[in-house]
Structure formats: C-alpha cells, structure tokens
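Visitor: If you scroll down you'll find the structure; I have some questions about it.
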Amino acid sequence: MDPEDRRAFEALRMVYGQGMLNGPFAILVTDSRSMMGLNDRVKLRPLVVAEKDDMVFMSSEESSIREVCRDLDKVWAPKAGEPVIVELEN
C-alpha cells in the first residue's frame, strides 16, 4: 500500500474505530472499478482467492471456485484481516 493510502486508512481507523466490524465474517465489496475481499481479523470465516489468466475468483470455499474454473493458475487463503484488492478492467 502506498504511503498516502496508508495515512488515509489510519485516519479512518482513528475516527471510525468504534464502528469497525467485529466477529466472524468474510465479505466481498465491488464497484465498477475494483473488487475487495476481506475476512475477519481472527480468520473465523474462510476466504479463498484464485487466479486464472486475467481472472480473479473469491469465495469461502475452493471447491466452489473450481466448479467455475477447474484449471487454476494460483490458489491462496489471505491472512486474517488482510484485504485482497483487484483493479477491474472496463
């Protein structure tokens, strides 16, 4: 993460820290430009990410990703609380 983004996220955390998500979760958030996957800080809920060529898949289970694409280039589970951010092509 570049320093400017890091400072912005630190400021948000200081202001809105009390409103942070707490407990078990794995979420996907997207808009027309990007997609983000995130699981809780203790990793009580799974998040699996996979890549095939220029495609990225995110799910709570590897098996559901493999139903869509069997021959994956890379599969991994992000660390607890580590966001996976993907820039989308328009």
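Chain identifiers are assigned as A, B, and so on, following the order in which chains appear in the structure tokens; residues are numbered from 1 within each chain, and ligands are numbered from 1 in order of appearance.
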Could you list, as an mmCIF file with N, CA and C atoms, in the first residue's frame, every residue within 10 Å of Asp73 of chain A, counting only C-alpha atoms and ignoring same-chain residues fewer than 6 positions away?
Guide:
```cif
data_model
loop_
_atom_site.group_PDB
_atom_site.id
_atom_site.type_symbol
_atom_site.label_atom_id
_atom_site.label_comp_id
_atom_site.auth_asym_id
_atom_site.auth_seq_id
_atom_site.Cartn_x
_atom_site.Cartn_y
_atom_site.Cartn_z
ATOM 1 N N ALA A 50 -8.386 -17.131 -5.988
ATOM 2 C CA ALA A 50 -7.731 -17.900 -7.047
ATOM 3 C C ALA A 50 -7.580 -17.024 -8.285
ATOM 4 N N GLU A 51 -6.577 -17.373 -9.094
ATOM 5 C CA GLU A 51 -6.335 -16.659 -10.345
ATOM 6 C C GLU A 51 -6.246 -17.644 -11.496
ATOM 7 N N LYS A 52 -6.741 -17.222 -12.632
ATOM 8 C CA LYS A 52 -6.590 -17.948 -13.889
ATOM 9 C C LYS A 52 -6.461 -16.895 -14.983
ATOM 10 N N ASP A 53 -5.291 -16.852 -15.608
ATOM 11 C CA ASP A 53 -5.010 -15.842 -16.624
ATOM 12 C C ASP A 53 -5.285 -14.455 -16.045
ATOM 13 N N MET A 55 -8.228 -13.474 -14.793
ATOM 14 C CA MET A 55 -9.424 -13.538 -13.955
ATOM 15 C C MET A 55 -9.048 -13.818 -12.504
#
```
Visitor: Give me the residues near segment 35-46 of chain A as a PyMOL selection string, where near means some atom within 10 Å (using only C-alpha atoms) and where sequence neighbours in that chain fewer than 3 positions away do not count.
Guide: chain A and resi 21-32+49+56-62+77-88
Visitor: Since we have the selection now, will you write its residues out, keeping C-alpha atoms, as a short mmCIF file (atom, residue, chain, number, x, y, z; two decimals), in the first residue's frame?
Guide:
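Writing done, so here's part_15.cif:
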```cif
data_model
loop_
_atom_site.label_atom_id
_atom_site.label_comp_id
_atom_site.auth_asym_id
_atom_site.auth_seq_id
_atom_site.Cartn_x
_atom_site.Cartn_y
_atom_site.Cartn_z
CA LEU A 21 -16.72 -4.85 12.03
CA ASN A 22 -16.29 -7.29 14.88
CA GLY A 23 -16.93 -11.02 14.89
CA PRO A 24 -16.77 -13.72 12.22
CA PHE A 25 -17.23 -12.58 8.61
CA ALA A 26 -15.94 -12.80 5.07
CA ILE A 27 -17.20 -10.15 2.66
CA LEU A 28 -16.80 -9.11 -0.96
CA VAL A 29 -17.27 -5.48 -1.95
CA THR A 30 -17.23 -4.27 -5.53
CA ASP A 31 -17.90 -1.30 -7.74
CA SER A 32 -17.30 -0.72 -11.44
CA VAL A 49 -8.73 -16.39 -3.71
CA VAL A 56 -9.65 -13.47 -10.15
CA PHE A 57 -12.11 -15.56 -8.13
CA MET A 58 -13.04 -15.14 -4.45
CA SER A 59 -15.18 -17.46 -2.35
CA SER A 60 -15.49 -19.05 1.06
CA GLU A 61 -14.50 -22.43 -0.43
CA GLU A 62 -12.02 -23.54 -3.07
CA ALA A 77 -6.05 -18.04 1.51
CA PRO A 78 -5.22 -14.48 2.59
CA LYS A 79 -4.03 -13.87 6.14
CA ALA A 80 -6.63 -12.88 8.73
CA GLY A 81 -7.81 -9.32 8.13
CA GLU A 82 -5.68 -8.92 5.00
CA PRO A 83 -7.69 -7.35 2.18
CA VAL A 84 -7.38 -8.65 -1.37
CA ILE A 85 -7.95 -5.76 -3.77
CA VAL A 86 -8.31 -6.25 -7.51
CA GLU A 87 -8.50 -3.48 -10.10
CA LEU A 88 -11.10 -4.38 -12.72
#
```
Visitor: Go through chain A and collect every residue that DSSP, computed from the backbone, puts in alpha helix (DSSP H); the answer should be as a PyMOL selection string.
Guide: chain A and resi 3-16+62-68
Visitor: Taking only C-alpha atoms into account, which of A:Ala8, A:Val48, A:Trp76, A:Arg33 comes nearest Asn90 of chain A?
Guide: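 Selected residue with least distance to Asn90 of chain A: A:Arg33.
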Visitor: Figure out the distance between atom CA of Met20 of chain A and atom CA of Val75 of chain A, please, to one decimal in Å.
Guide: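 Separation between atom CA of Val75 of chain A and atom CA of Met20 of chain A: 28.2 Å.
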Visitor: Where in chain A does DSSP assign strand (DSSP E), given as a PyMOL selection string?
Guide: chain A and resi 26-30+34-39+48-52+55-59+74-76+84-87
Visitor: So that I have them on file, write out the residues from the current selection with C-alpha atoms, as a short mmCIF file (atom, residue, chain, number, x, y, z; two decimals), in the first residue's frame.
Guide:
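Saved result, selection-v7.cif, follows:
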```
data_model
loop_
_atom_site.label_atom_id
_atom_site.label_comp_id
_atom_site.auth_asym_id
_atom_site.auth_seq_id
_atom_site.Cartn_x
_atom_site.Cartn_y
_atom_site.Cartn_z
CA ALA A 26 -15.94 -12.80 5.07
CA ILE A 27 -17.20 -10.15 2.66
CA LEU A 28 -16.80 -9.11 -0.96
CA VAL A 29 -17.27 -5.48 -1.95
CA THR A 30 -17.23 -4.27 -5.53
CA SER A 34 -12.45 -2.71 -8.24
CA MET A 35 -13.28 -5.71 -6.07
CA MET A 36 -12.17 -6.34 -2.49
CA GLY A 37 -12.37 -9.50 -0.39
CA LEU A 38 -11.83 -9.37 3.37
CA ASN A 39 -12.25 -11.77 6.26
CA VAL A 48 -10.12 -18.26 -0.71
CA VAL A 49 -8.73 -16.39 -3.71
CA ALA A 50 -7.73 -17.90 -7.05
CA GLU A 51 -6.34 -16.66 -10.34
CA LYS A 52 -6.59 -17.95 -13.89
CA MET A 55 -9.42 -13.54 -13.95
CA VAL A 56 -9.65 -13.47 -10.15
CA PHE A 57 -12.11 -15.56 -8.13
CA MET A 58 -13.04 -15.14 -4.45
CA SER A 59 -15.18 -17.46 -2.35
CA LYS A 74 -2.85 -19.89 -8.31
CA VAL A 75 -4.97 -20.52 -5.19
CA TRP A 76 -4.38 -19.00 -1.75
CA VAL A 84 -7.38 -8.65 -1.37
CA ILE A 85 -7.95 -5.76 -3.77
CA VAL A 86 -8.31 -6.25 -7.51
CA GLU A 87 -8.50 -3.48 -10.10
#
```
Visitor: In terms of the shortest atom-to-atom distance over only C-alpha atoms, which of A:Pro3, A:Gln18, A:Glu89, A:Leu47 is closest to Ile65 of chain A?
Guide: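 Of A:Pro3, A:Gln18, A:Glu89, A:Leu47, the one nearest Ile65 of chain A is A:Leu47, counting only C-alpha atoms.
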Visitor: Would you compute the distance between atom CA of Asp2 of chain A and atom CA of Gly19 of chain A? Give it in Å to one decimal.
Guide: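 Rounded to one decimal, the two atoms are 24.4 Å apart.
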Visitor: Using Å and a single decimal, report how far atom CA of Gly17 of chain A sits from atom CA of Glu4 of chain A.
Guide: 19.1 Å
